[in-house]
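Below is the file target.csv, which contains CSV, C-alpha atoms.
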```
chain,number,residue,atom,x,y,z
H,1,MET,CA,118.6,-73.3,52.2
H,2,HIS,CA,120.9,-70.4,52.2
H,3,GLY,CA,124.3,-70.1,50.5
H,4,GLU,CA,126.9,-67.4,49.9
H,5,ALA,CA,129.9,-67.0,47.7
H,6,ALA,CA,132.3,-64.3,46.7
H,7,GLU,CA,134.5,-64.1,43.7
H,8,LYS,CA,137.4,-61.7,43.2
H,9,ILE,CA,137.7,-61.0,39.5
H,10,VAL,CA,141.5,-60.7,38.8
H,11,GLY,CA,142.3,-57.1,38.1
H,12,GLY,CA,138.7,-56.3,38.8
H,13,LYS,CA,136.3,-56.1,41.7
H,14,LEU,CA,134.7,-58.3,44.2
H,15,VAL,CA,131.3,-59.9,43.5
H,16,ARG,CA,129.4,-61.4,46.4
H,17,ILE,CA,126.1,-63.4,46.1
H,18,LYS,CA,123.7,-64.4,48.8
H,19,VAL,CA,121.0,-66.8,47.8
H,20,ASP,CA,118.0,-68.5,49.4
H,21,PHE,CA,116.7,-71.5,47.5
H,22,ASN,CA,114.9,-74.8,47.5
H,23,ASP,CA,114.4,-76.3,44.0
H,24,SER,CA,114.5,-72.8,42.7
H,25,ILE,CA,116.0,-69.5,43.8
H,26,THR,CA,113.6,-67.7,46.2
H,27,ASN,CA,115.8,-64.7,47.0
H,28,ILE,CA,119.1,-63.4,45.7
H,29,GLN,CA,121.3,-60.5,46.6
H,30,ILE,CA,124.3,-59.5,44.4
H,31,SER,CA,126.7,-57.0,45.9
H,32,GLY,CA,130.2,-55.7,45.5
H,33,ASP,CA,132.4,-52.8,44.4
H,34,PHE,CA,131.8,-53.2,40.7
H,35,PHE,CA,130.2,-50.6,38.4
H,36,ILE,CA,127.1,-51.2,36.2
H,37,ASP,CA,125.6,-48.2,34.4
H,38,PRO,CA,122.8,-47.6,34.2
H,39,GLU,CA,121.9,-48.8,37.7
H,40,GLU,CA,118.5,-50.0,36.5
H,41,CYS,CA,120.3,-52.8,34.5
H,42,PHE,CA,121.8,-54.1,37.7
H,43,TYR,CA,118.5,-54.4,39.5
H,44,GLU,CA,116.8,-56.0,36.5
H,45,ILE,CA,119.6,-58.6,36.3
H,46,GLU,CA,119.2,-59.3,40.0
H,47,SER,CA,115.5,-59.8,39.9
H,48,SER,CA,115.7,-61.9,36.7
H,49,LEU,CA,117.6,-64.5,38.7
H,50,LYS,CA,114.8,-65.1,41.1
H,51,ASN,CA,112.7,-68.2,40.6
H,52,ILE,CA,115.2,-69.9,38.3
H,53,SER,CA,115.9,-73.5,38.9
H,54,VAL,CA,119.0,-74.2,41.0
H,55,ASN,CA,120.1,-76.7,38.3
H,56,PHE,CA,120.6,-73.9,35.8
H,57,GLN,CA,123.2,-74.1,33.1
H,58,SER,CA,125.7,-71.3,33.4
H,59,ASP,CA,125.5,-70.6,29.7
H,60,GLU,CA,121.8,-69.8,30.0
H,61,ILE,CA,122.4,-67.3,32.9
H,62,VAL,CA,125.2,-65.7,31.0
H,63,GLU,CA,122.9,-65.3,28.0
H,64,LYS,CA,120.1,-63.9,30.1
H,65,ILE,CA,122.3,-61.3,31.7
H,66,ASN,CA,123.9,-60.3,28.4
H,67,GLU,CA,120.4,-59.8,26.9
H,68,ILE,CA,119.4,-57.5,29.7
H,69,ALA,CA,122.7,-55.6,29.4
H,70,LYS,CA,122.2,-55.2,25.7
H,71,LYS,CA,118.7,-53.9,26.2
H,72,HIS,CA,120.0,-51.2,28.5
H,73,SER,CA,123.2,-50.6,26.5
H,74,ALA,CA,124.9,-51.2,29.8
H,75,GLU,CA,128.6,-50.9,30.6
H,76,PHE,CA,130.1,-53.3,33.2
H,77,VAL,CA,133.3,-52.5,34.9
H,78,GLY,CA,134.9,-55.1,37.3
H,79,ILE,CA,132.1,-57.6,36.8
H,80,SER,CA,130.9,-59.9,34.0
H,81,SER,CA,127.9,-62.1,33.3
H,82,GLU,CA,130.3,-65.1,33.5
H,83,ALA,CA,131.4,-64.0,37.0
H,84,ILE,CA,127.8,-63.7,38.2
H,85,ALA,CA,126.9,-67.1,36.9
H,86,LYS,CA,130.0,-68.7,38.4
H,87,THR,CA,129.5,-67.1,41.8
H,88,LEU,CA,125.8,-68.0,41.8
H,89,LYS,CA,126.6,-71.6,41.2
H,90,GLU,CA,129.2,-71.5,44.0
H,91,ALA,CA,126.7,-69.9,46.4
H,92,ILE,CA,124.2,-72.7,45.7
H,93,GLU,CA,126.8,-75.4,46.1
H,94,ASN,CA,127.9,-73.8,49.4
H,95,GLY,CA,124.3,-73.7,50.6
H,96,LYS,CA,123.8,-77.4,49.7
H,97,MET,CA,127.0,-78.4,51.5
H,98,ALA,CA,126.1,-76.3,54.6
H,99,SER,CA,122.7,-78.0,54.6
H,100,ASN,CA,124.1,-81.5,54.3
H,101,THR,CA,126.5,-81.0,57.2
H,102,SER,CA,124.0,-79.4,59.6
U,103,MET,CA,134.5,-22.5,25.1
U,104,VAL,CA,132.5,-24.0,27.9
U,105,LYS,CA,132.8,-22.2,31.1
U,106,TRP,CA,133.1,-24.4,34.2
U,107,ARG,CA,131.4,-23.7,37.4
U,108,VAL,CA,133.8,-24.3,40.3
U,109,ILE,CA,132.6,-24.7,43.9
U,110,PRO,CA,135.6,-24.3,46.2
U,111,VAL,CA,136.1,-26.4,49.2
U,112,GLU,CA,133.3,-26.7,51.8
U,113,THR,CA,133.0,-28.9,54.8
U,114,LEU,CA,129.7,-30.7,54.9
U,115,HIS,CA,127.8,-33.6,56.5
U,116,PRO,CA,128.2,-36.9,54.6
U,117,TYR,CA,124.5,-36.9,53.7
U,118,MET,CA,124.8,-33.4,52.2
U,119,ASN,CA,127.9,-34.3,50.3
U,120,VAL,CA,126.3,-37.3,48.6
U,121,ALA,CA,123.0,-35.5,48.1
U,122,LEU,CA,124.8,-32.6,46.3
U,123,GLU,CA,126.2,-35.1,43.8
U,124,GLU,CA,122.6,-35.8,42.6
U,125,VAL,CA,121.8,-32.1,42.7
U,126,ALA,CA,124.8,-31.4,40.6
U,127,VAL,CA,123.7,-34.0,38.0
U,128,GLU,CA,120.3,-32.2,37.8
U,129,SER,CA,122.0,-28.8,37.5
U,130,VAL,CA,124.3,-29.9,34.7
U,131,LYS,CA,121.4,-31.6,32.9
U,132,ASN,CA,119.4,-28.4,33.1
U,133,THR,CA,122.1,-25.8,32.4
U,134,GLY,CA,124.7,-27.7,30.4
U,135,ILE,CA,127.3,-26.0,32.6
U,136,PRO,CA,129.8,-28.6,34.0
U,137,ILE,CA,130.7,-28.4,37.6
U,138,ILE,CA,133.9,-29.1,39.6
U,139,ARG,CA,133.5,-29.2,43.4
U,140,PHE,CA,135.8,-29.8,46.3
U,141,TYR,CA,134.6,-30.9,49.7
U,142,LEU,CA,135.6,-32.2,53.2
U,143,TRP,CA,133.5,-34.3,55.6
U,144,ASP,CA,132.4,-33.5,59.1
U,145,PRO,CA,131.4,-35.6,60.8
U,146,ALA,CA,133.5,-38.4,59.2
U,147,GLY,CA,131.6,-40.8,57.0
U,148,VAL,CA,131.9,-44.2,55.5
U,149,ILE,CA,130.6,-44.0,52.0
U,150,ILE,CA,129.7,-47.3,50.3
U,151,GLY,CA,129.2,-47.9,46.6
U,152,GLN,CA,125.6,-48.2,45.3
U,153,PHE,CA,125.8,-52.0,44.9
U,154,GLN,CA,127.6,-52.9,48.2
U,155,SER,CA,126.1,-54.5,51.2
U,156,MET,CA,126.4,-52.1,54.2
U,157,HIS,CA,126.8,-54.8,56.8
U,158,ASP,CA,129.3,-56.7,54.7
U,159,GLU,CA,131.5,-53.7,54.2
U,160,VAL,CA,131.1,-51.6,57.3
U,161,ASP,CA,131.2,-52.1,61.1
U,162,VAL,CA,128.1,-50.2,61.6
U,163,GLU,CA,128.0,-50.5,65.4
U,164,LEU,CA,131.6,-49.2,65.6
U,165,CYS,CA,130.6,-46.3,63.3
U,166,ARG,CA,127.8,-45.4,65.7
U,167,GLN,CA,130.2,-45.5,68.7
U,168,LYS,CA,132.7,-43.3,66.9
U,169,GLY,CA,130.1,-40.9,65.4
U,170,ILE,CA,131.1,-41.9,61.9
U,171,VAL,CA,128.2,-41.7,59.5
U,172,PRO,CA,127.6,-44.6,57.1
U,173,VAL,CA,125.9,-43.6,53.9
U,174,ARG,CA,125.3,-45.2,50.4
U,175,ARG,CA,126.3,-43.1,47.4
U,176,LEU,CA,124.8,-43.2,43.9
U,177,SER,CA,128.0,-44.5,42.1
U,178,GLY,CA,129.3,-48.0,42.2
U,179,GLY,CA,132.7,-48.9,43.5
U,180,GLY,CA,134.1,-49.6,46.9
U,181,ALA,CA,133.6,-48.2,50.4
U,182,VAL,CA,135.7,-45.3,51.5
U,183,TYR,CA,136.3,-43.5,54.8
U,184,ASN,CA,136.3,-39.7,54.6
U,185,ASP,CA,136.8,-37.1,57.2
U,186,GLN,CA,137.8,-33.4,57.7
U,187,LYS,CA,141.2,-34.1,56.1
U,188,CYS,CA,139.9,-36.1,53.1
U,189,LEU,CA,139.7,-33.5,50.4
U,190,THR,CA,137.3,-34.9,47.9
U,191,TYR,CA,136.5,-33.7,44.4
U,192,SER,CA,133.8,-34.2,41.9
U,193,VAL,CA,133.7,-33.4,38.2
U,194,ILE,CA,130.2,-33.4,36.8
U,195,LEU,CA,129.9,-33.0,33.0
U,196,PRO,CA,127.8,-34.1,30.1
U,197,GLU,CA,128.9,-37.4,28.6
U,198,SER,CA,129.3,-35.6,25.2
U,199,MET,CA,132.3,-33.7,26.8
U,200,CYS,CA,134.1,-36.9,27.6
U,201,PRO,CA,133.7,-39.4,24.8
U,202,GLY,CA,135.6,-42.7,24.6
U,203,GLY,CA,133.9,-45.1,27.0
U,204,ILE,CA,134.2,-45.7,30.7
U,205,HIS,CA,137.8,-46.9,30.9
U,206,GLU,CA,139.1,-44.0,28.8
U,207,SER,CA,137.0,-41.5,30.8
U,208,TYR,CA,138.7,-42.7,34.0
U,209,ARG,CA,142.0,-42.1,32.5
U,210,VAL,CA,141.1,-38.6,31.3
U,211,LEU,CA,139.3,-37.6,34.4
U,212,CYS,CA,142.1,-38.9,36.7
U,213,GLN,CA,144.7,-36.8,34.9
U,214,PRO,CA,144.2,-33.7,37.1
U,215,ILE,CA,145.2,-35.8,40.1
U,216,ILE,CA,148.4,-36.8,38.3
U,217,ASP,CA,148.9,-33.1,37.4
U,218,ALA,CA,148.3,-32.0,41.0
U,219,LEU,CA,150.9,-34.4,42.2
U,220,GLU,CA,153.3,-33.2,39.5
U,221,LEU,CA,152.8,-29.6,40.7
U,222,LEU,CA,154.0,-30.9,44.0
U,223,GLY,CA,157.0,-32.6,42.5
U,224,LEU,CA,155.6,-36.1,42.8
U,225,LYS,CA,155.1,-38.7,40.1
U,226,GLY,CA,151.7,-40.3,40.2
U,227,GLU,CA,150.5,-42.9,37.8
U,228,PHE,CA,147.1,-43.9,36.6
U,229,LYS,CA,146.3,-47.5,37.6
U,230,PRO,CA,143.2,-48.9,35.9
U,231,ILE,CA,140.5,-49.3,36.6
U,232,ASN,CA,140.1,-46.3,38.9
U,233,ASP,CA,143.1,-45.5,41.0
U,234,VAL,CA,146.1,-43.2,41.0
U,235,ILE,CA,149.2,-44.7,42.7
U,236,LEU,CA,152.4,-43.1,44.1
U,237,ASN,CA,155.4,-45.2,44.6
U,238,GLY,CA,153.2,-48.3,44.1
U,239,LYS,CA,150.7,-47.4,46.7
U,240,LYS,CA,147.2,-46.0,46.2
U,241,ILE,CA,146.9,-42.3,46.8
U,242,SER,CA,143.7,-41.6,45.0
U,243,GLY,CA,140.6,-43.7,44.5
U,244,ASN,CA,137.9,-42.7,42.0
U,245,ALA,CA,134.3,-43.7,41.1
U,246,GLN,CA,132.0,-42.8,38.3
U,247,LEU,CA,128.3,-42.7,37.7
U,248,ARG,CA,126.4,-42.1,34.5
U,249,LYS,CA,122.9,-40.8,34.9
U,250,ASN,CA,120.7,-39.1,32.3
U,251,GLY,CA,123.6,-38.4,30.0
U,252,ILE,CA,125.7,-36.9,32.8
U,253,ILE,CA,129.0,-38.3,34.1
U,254,VAL,CA,129.9,-37.9,37.8
U,255,HIS,CA,133.5,-38.6,38.4
U,256,HIS,CA,134.5,-38.3,42.0
U,257,GLY,CA,137.3,-39.3,44.3
U,258,THR,CA,139.8,-38.5,46.9
U,259,LEU,CA,143.4,-37.6,46.8
U,260,ILE,CA,144.4,-38.8,50.2
U,261,TYR,CA,145.9,-35.9,52.1
U,262,SER,CA,146.5,-37.6,55.5
U,263,LEU,CA,145.5,-41.0,56.5
U,264,ASP,CA,143.7,-42.0,59.7
U,265,VAL,CA,144.6,-45.6,59.1
U,266,LYS,CA,143.3,-46.7,62.5
U,267,ASN,CA,139.8,-45.3,61.9
U,268,MET,CA,139.7,-46.2,58.3
U,269,PHE,CA,140.5,-49.9,58.7
U,270,SER,CA,138.6,-50.3,61.9
U,271,VAL,CA,135.3,-49.4,60.3
U,272,LEU,CA,135.9,-51.0,56.9
U,273,LYS,CA,135.6,-54.7,56.7
U,274,ILE,CA,138.1,-55.3,54.0
U,275,ASP,CA,137.8,-58.6,52.2
U,276,LYS,CA,141.1,-60.5,52.0
U,277,ARG,CA,140.1,-61.8,48.6
U,278,LYS,CA,140.1,-58.2,47.4
U,279,ILE,CA,143.9,-57.9,47.8
U,280,SER,CA,144.8,-61.5,47.1
U,281,ASP,CA,146.1,-60.8,43.6
U,282,LYS,CA,148.2,-57.9,44.9
U,283,GLU,CA,150.3,-60.1,47.0
U,284,LEU,CA,150.2,-57.8,49.9
U,285,LYS,CA,150.2,-59.2,53.5
U,286,ASN,CA,148.8,-56.1,55.1
U,287,VAL,CA,145.9,-53.9,53.8
U,288,GLU,CA,147.6,-50.9,55.3
U,289,ASP,CA,150.5,-51.4,52.8
U,290,ARG,CA,148.2,-50.6,49.9
U,291,VAL,CA,147.5,-47.0,50.7
U,292,THR,CA,149.6,-43.8,51.1
U,293,SER,CA,148.9,-40.2,51.7
U,294,LEU,CA,150.2,-36.9,50.5
U,295,LEU,CA,151.6,-35.9,53.9
U,296,GLN,CA,153.8,-38.9,53.8
U,297,HIS,CA,155.6,-37.4,50.8
U,298,LYS,CA,155.1,-33.6,51.1
U,299,ASP,CA,154.9,-31.1,53.9
U,300,ILE,CA,151.9,-29.1,52.8
U,301,SER,CA,148.9,-27.5,54.5
U,302,LEU,CA,145.3,-28.5,53.6
U,303,ASP,CA,144.7,-25.0,52.2
U,304,GLU,CA,147.8,-25.1,50.0
U,305,PHE,CA,146.7,-28.6,48.8
U,306,HIS,CA,143.3,-27.3,47.9
U,307,SER,CA,144.9,-24.5,45.8
U,308,VAL,CA,147.0,-27.0,44.0
U,309,LEU,CA,144.0,-29.2,43.3
U,310,VAL,CA,141.9,-26.2,42.0
U,311,LYS,CA,144.8,-25.3,39.8
U,312,ALA,CA,145.2,-28.8,38.4
U,313,PHE,CA,141.5,-29.3,37.8
U,314,THR,CA,140.9,-25.9,36.1
U,315,ASN,CA,144.1,-25.9,34.0
U,316,GLY,CA,143.3,-25.0,30.4
U,317,LYS,CA,139.6,-24.4,31.3
U,318,GLU,CA,137.6,-21.2,31.4
U,319,PHE,CA,135.9,-21.2,34.8
U,320,PHE,CA,134.2,-19.1,37.5
U,321,PHE,CA,133.9,-19.7,41.2
U,322,ASP,CA,130.4,-20.2,42.5
U,323,LYS,CA,128.4,-21.5,45.4
U,324,TRP,CA,125.3,-23.6,45.6
U,325,THR,CA,122.0,-21.7,45.0
U,326,ASP,CA,119.4,-21.6,47.8
U,327,GLY,CA,117.2,-23.8,45.5
U,328,GLU,CA,120.0,-26.4,45.1
U,329,ILE,CA,120.5,-26.6,48.9
U,330,ALA,CA,116.8,-27.0,49.4
U,331,ARG,CA,116.8,-29.8,46.8
U,332,ALA,CA,119.7,-31.5,48.6
U,333,ASN,CA,117.9,-31.3,51.9
U,334,GLU,CA,114.8,-32.8,50.2
U,335,LEU,CA,117.0,-35.7,48.9
U,336,ILE,CA,118.6,-36.2,52.3
U,337,GLU,CA,115.2,-36.5,54.0
U,338,LYS,CA,113.7,-38.8,51.3
U,339,GLN,CA,116.7,-40.9,50.6
U,340,TYR,CA,120.2,-40.4,51.8
U,341,SER,CA,119.5,-40.3,55.6
U,342,THR,CA,117.1,-43.3,55.4
U,343,ASP,CA,117.8,-46.9,56.5
U,344,GLU,CA,115.7,-48.0,53.5
U,345,TRP,CA,118.4,-46.5,51.2
U,346,ASN,CA,121.6,-47.0,53.2
U,347,PHE,CA,120.8,-50.5,54.3
U,348,ARG,CA,118.9,-51.6,51.2
U,349,ARG,CA,121.5,-54.4,50.8
```

Encoded form using structure tokens:
Amino acid sequence: MHGEAAEKIVGGKLVRIKVDFNDSITNIQISGDFFIDPEECFYEIESSLKNISVNFQSDEIVEKINEIAKKHSAEFVGISSEAIAKTLKEAIENGKMASNTS
Amino acid sequence: MVKWRVIPVETLHPYMNVALEEVAVESVKNTGIPIIRFYLWDPAGVIIGQFQSMHDEVDVELCRQKGIVPVRRLSGGGAVYNDQKCLTYSVILPESMCPGGIHESYRVLCQPIIDALELLGLKGEFKPINDVILNGKKISGNAQLRKNGIIVHHGTLIYSLDVKNMFSVLKIDKRKISDKELKNVEDRVTSLLQHKDISLDEFHSVLVKAFTNGKEFFFDKWTDGEIARANELIEKQYSTDEWNFRR
């Protein structure tokens, strides 16, 4: 299945997630006009979300992202771990809905 | 007092302009000498942020038809359309010269734009996160990158606006402006020429004055070695589909 979602963070930027999944996430792409420094932190966050169960708890994802950010002493502008978790959940729900209606 | 290296306006290919940003980071890292550069774009380019999706943001086919070059830059942020009349600036400096975190550094490094507008009798305002507005409309967008202890702060003070080209090649997401309660994306942006009758050369002089105010500086050009390094980066990265269409 494939799902997409985009979230505009009020006063911030746009976060868009495209995800391929079955029981777990097989492929994920996070994009948008936010800032994450250093860039390596962003790519590690993205790859860390591969292979996770689609029934994930948002809190777990937020914690996972925060841990990676802490490791890199990263600064986020216009994006947050909560926004990534929320948009990822929406993308999966959108994918399930599209699959059910096709 | 630190002496700044100032590279006056030059008109370059979009690949060269983005590659020189990385070259400037390497130069500042090696020499400790901060750089201010000014540049125009020929051919025109659509420059997307590092984390953006090219196909989501840019009408690539239309760019090809119009001869507009799509390219991904190193910094985050949004897509911008730049051409021969988009006078762009970059300030590249060690992080130690601009303490206080990202939000504060945007405020500090956007100040020369407000100063330049003031020199022209206009009252610009900093609008967090990374814009300068004039009469409620965006006149300057800025982005930052931090790499190896170096800050790159770059942006455009919009001189004239080719709205037709700009919005035809940019796929602007309606959600992006939803909280700004604007019906039309074109209502968000203004340009200097809409407020002031000034030549591009005069505008460049004002920008140089505003950016160098209170600083010791010298005018310079890129060394042969720096241009060779930029060409190498263009070949290996900035001209490649692998980089520009990586997402």

Using all atoms listed in the file and a cut-off of 9 Å, which residues of chain U sit close to chain H? Please list them as JSON, numbers by chain. {"U": [150, 151, 152, 153, 154, 155, 176, 177, 178, 179, 180, 181, 203, 204, 205, 230, 231, 245, 246, 247, 248, 249, 250, 275, 277, 278, 279, 280, 281, 349]}

Resulting file, chosen residues, C-alpha atoms, as a PDB file, in the coordinates of the input:
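Output saved as part-v2.pdb:
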```
ATOM      1  CA  ILE U 150     129.700 -47.300  50.300  1.00  0.00           C
ATOM      2  CA  GLY U 151     129.200 -47.900  46.600  1.00  0.00           C
ATOM      3  CA  GLN U 152     125.600 -48.200  45.300  1.00  0.00           C
ATOM      4  CA  PHE U 153     125.800 -52.000  44.900  1.00  0.00           C
ATOM      5  CA  GLN U 154     127.600 -52.900  48.200  1.00  0.00           C
ATOM      6  CA  SER U 155     126.100 -54.500  51.200  1.00  0.00           C
ATOM      7  CA  LEU U 176     124.800 -43.200  43.900  1.00  0.00           C
ATOM      8  CA  SER U 177     128.000 -44.500  42.100  1.00  0.00           C
ATOM      9  CA  GLY U 178     129.300 -48.000  42.200  1.00  0.00           C
ATOM     10  CA  GLY U 179     132.700 -48.900  43.500  1.00  0.00           C
ATOM     11  CA  GLY U 180     134.100 -49.600  46.900  1.00  0.00           C
ATOM     12  CA  ALA U 181     133.600 -48.200  50.400  1.00  0.00           C
ATOM     13  CA  GLY U 203     133.900 -45.100  27.000  1.00  0.00           C
ATOM     14  CA  ILE U 204     134.200 -45.700  30.700  1.00  0.00           C
ATOM     15  CA  HIS U 205     137.800 -46.900  30.900  1.00  0.00           C
ATOM     16  CA  PRO U 230     143.200 -48.900  35.900  1.00  0.00           C
ATOM     17  CA  ILE U 231     140.500 -49.300  36.600  1.00  0.00           C
ATOM     18  CA  ALA U 245     134.300 -43.700  41.100  1.00  0.00           C
ATOM     19  CA  GLN U 246     132.000 -42.800  38.300  1.00  0.00           C
ATOM     20  CA  LEU U 247     128.300 -42.700  37.700  1.00  0.00           C
ATOM     21  CA  ARG U 248     126.400 -42.100  34.500  1.00  0.00           C
ATOM     22  CA  LYS U 249     122.900 -40.800  34.900  1.00  0.00           C
ATOM     23  CA  ASN U 250     120.700 -39.100  32.300  1.00  0.00           C
ATOM     24  CA  ASP U 275     137.800 -58.600  52.200  1.00  0.00           C
ATOM     25  CA  ARG U 277     140.100 -61.800  48.600  1.00  0.00           C
ATOM     26  CA  LYS U 278     140.100 -58.200  47.400  1.00  0.00           C
ATOM     27  CA  ILE U 279     143.900 -57.900  47.800  1.00  0.00           C
ATOM     28  CA  SER U 280     144.800 -61.500  47.100  1.00  0.00           C
ATOM     29  CA  ASP U 281     146.100 -60.800  43.600  1.00  0.00           C
ATOM     30  CA  ARG U 349     121.500 -54.400  50.800  1.00  0.00           C
TER      31      ARG U 349
END
```

What's the 9 Å shell around Glu128 (chain U), counting all atoms listed in the file, without same-chain residues fewer than 5 positions away, as a PDB file with C-alpha atoms, in the coordinates of the input?
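Wrote selection.pdb, looks like this:
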```
ATOM      1  CA  GLU U 123     126.200 -35.100  43.800  1.00  0.00           C
ATOM      2  CA  THR U 133     122.100 -25.800  32.400  1.00  0.00           C
ATOM      3  CA  ASN U 250     120.700 -39.100  32.300  1.00  0.00           C
ATOM      4  CA  ILE U 252     125.700 -36.900  32.800  1.00  0.00           C
TER       5      ILE U 252
END
```

May I have the protein, DNA and RNA residues with an atom at most 8 Å from (126.7, -40.1, 61.6), counting only C-alpha atoms in the file's coordinates, returned as a PyMOL selection string? chain U and resi 116+145-147+165-166+169-172

Go through H:Ser53, H:Lys70, H:Ile61, H:Lys18 and flag the residue nearest Cys41 (chain H), using all atoms listed in the file for the distances. H:Lys70

Surrounding residues of Glu63 (chain H) excluding itself and chain neighbours under 3 positions, 12 Å, all atoms listed in the file, as a list in words: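 Result of the neighbour search: Ile45, Ser48, Leu49, Phe56, Gln57, Ser58, Asp59, Glu60, Asn66, Glu67, Ile68, Ala69, Lys70, Ser80, Ser81, Glu82, Ile84 and Ala85 of chain H.
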
Would you please work out which residue, of U:Asn237, U:Asn315, U:Asn184, U:Ser307, is nearest to Asp264 (chain U) when using all atoms listed in the file?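 Answer, going by the shortest atom-to-atom distance: U:Asn184.
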
Have a look at CA of Ile65 (chain H) and CA of Gly251 (chain U) and let me know their distance in Å, one decimal.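 We find that CA of Ile65 (chain H) and CA of Gly251 (chain U) lie 23.0 Å from each other.
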
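One distance worth recording is that between CA of Pro196 (chain U) and CA of Ile137 (chain U), which is 9.9 Å.
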
Point-to-point distance in Å for CA of Trp324 (chain U) and CA of Thr113 (chain U):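 One can read the CA of Thr113 (chain U) to CA of Trp324 (chain U) distance as 13.1 Å.
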
Would you pick out the contacts of Ile336 (chain U) at 8 Å or less, using only C-alpha atoms, so that residues sharing its chain but fewer than 4 positions from it are not included, and give the list as a list of chain:residue names? U:Tyr117, U:Met118, U:Ala121, U:Ala332, U:Tyr340, U:Ser341, U:Thr342

Option closest in space to Met156 (chain U), from U:Lys338, U:Lys187, U:Lys273, U:His297 [counting only C-alpha atoms]: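 Smallest distance to Met156 (chain U) is found for U:Lys273.
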
In terms of the shortest atom-to-atom distance over all atoms listed in the file, which of H:Thr26, H:Glu90, H:Asp20, H:Ser73 is closest to Glu40 (chain H)?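 The answer is H:Ser73, which sits nearest to Glu40 (chain H).
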
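Restricting the calculation to all atoms listed in the file, the smallest distance between Glu197 (chain U) and any of U:Cys212, U:Leu221, U:Gly238, U:Val130 is found for U:Val130.
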
Identify which of the residues U:Lys266, U:Asn244, U:Arg209, U:Asn333 lies closest to His115 (chain U), counting all atoms listed in the file when measuring atom-to-atom distances. U:Asn333

Can region 37-49 of chain H be brought up to N, CA and C atoms and written out as a JSON list (two decimals), in the coordinates of the input?
```json
[["chain", "number", "residue", "atom", "x", "y", "z"],
["H", 37, "ASP", "N", 126.43, -49.40, 34.77],
["H", 37, "ASP", "CA", 125.60, -48.20, 34.40],
["H", 37, "ASP", "C", 124.79, -48.62, 33.16],
["H", 38, "PRO", "N", 123.51, -48.32, 33.10],
["H", 38, "PRO", "CA", 122.80, -47.60, 34.20],
["H", 38, "PRO", "C", 122.42, -48.59, 35.31],
["H", 39, "GLU", "N", 122.15, -48.01, 36.47],
["H", 39, "GLU", "CA", 121.90, -48.80, 37.70],
["H", 39, "GLU", "C", 120.66, -49.72, 37.49],
["H", 40, "GLU", "N", 119.68, -49.25, 36.69],
["H", 40, "GLU", "CA", 118.50, -50.00, 36.50],
["H", 40, "GLU", "C", 118.79, -51.42, 35.92],
["H", 41, "CYS", "N", 119.85, -51.48, 35.11],
["H", 41, "CYS", "CA", 120.30, -52.80, 34.50],
["H", 41, "CYS", "C", 120.63, -53.75, 35.59],
["H", 42, "PHE", "N", 121.37, -53.26, 36.59],
["H", 42, "PHE", "CA", 121.80, -54.10, 37.70],
["H", 42, "PHE", "C", 120.58, -54.73, 38.40],
["H", 43, "TYR", "N", 119.61, -53.88, 38.73],
["H", 43, "TYR", "CA", 118.50, -54.40, 39.50],
["H", 43, "TYR", "C", 117.60, -55.33, 38.67],
["H", 44, "GLU", "N", 117.55, -55.09, 37.35],
["H", 44, "GLU", "CA", 116.80, -56.00, 36.50],
["H", 44, "GLU", "C", 117.51, -57.38, 36.41],
["H", 45, "ILE", "N", 118.83, -57.35, 36.35],
["H", 45, "ILE", "CA", 119.60, -58.60, 36.30],
["H", 45, "ILE", "C", 119.32, -59.39, 37.61],
["H", 46, "GLU", "N", 119.41, -58.69, 38.72],
["H", 46, "GLU", "CA", 119.20, -59.30, 40.00],
["H", 46, "GLU", "C", 117.83, -59.98, 40.11],
["H", 47, "SER", "N", 116.81, -59.22, 39.75],
["H", 47, "SER", "CA", 115.50, -59.80, 39.90],
["H", 47, "SER", "C", 115.18, -60.87, 38.87],
["H", 48, "SER", "N", 115.89, -60.83, 37.73],
["H", 48, "SER", "CA", 115.70, -61.90, 36.70],
["H", 48, "SER", "C", 116.17, -63.23, 37.16],
["H", 49, "LEU", "N", 117.01, -63.26, 38.19],
["H", 49, "LEU", "CA", 117.60, -64.50, 38.70],
["H", 49, "LEU", "C", 116.72, -65.18, 39.75]]
```
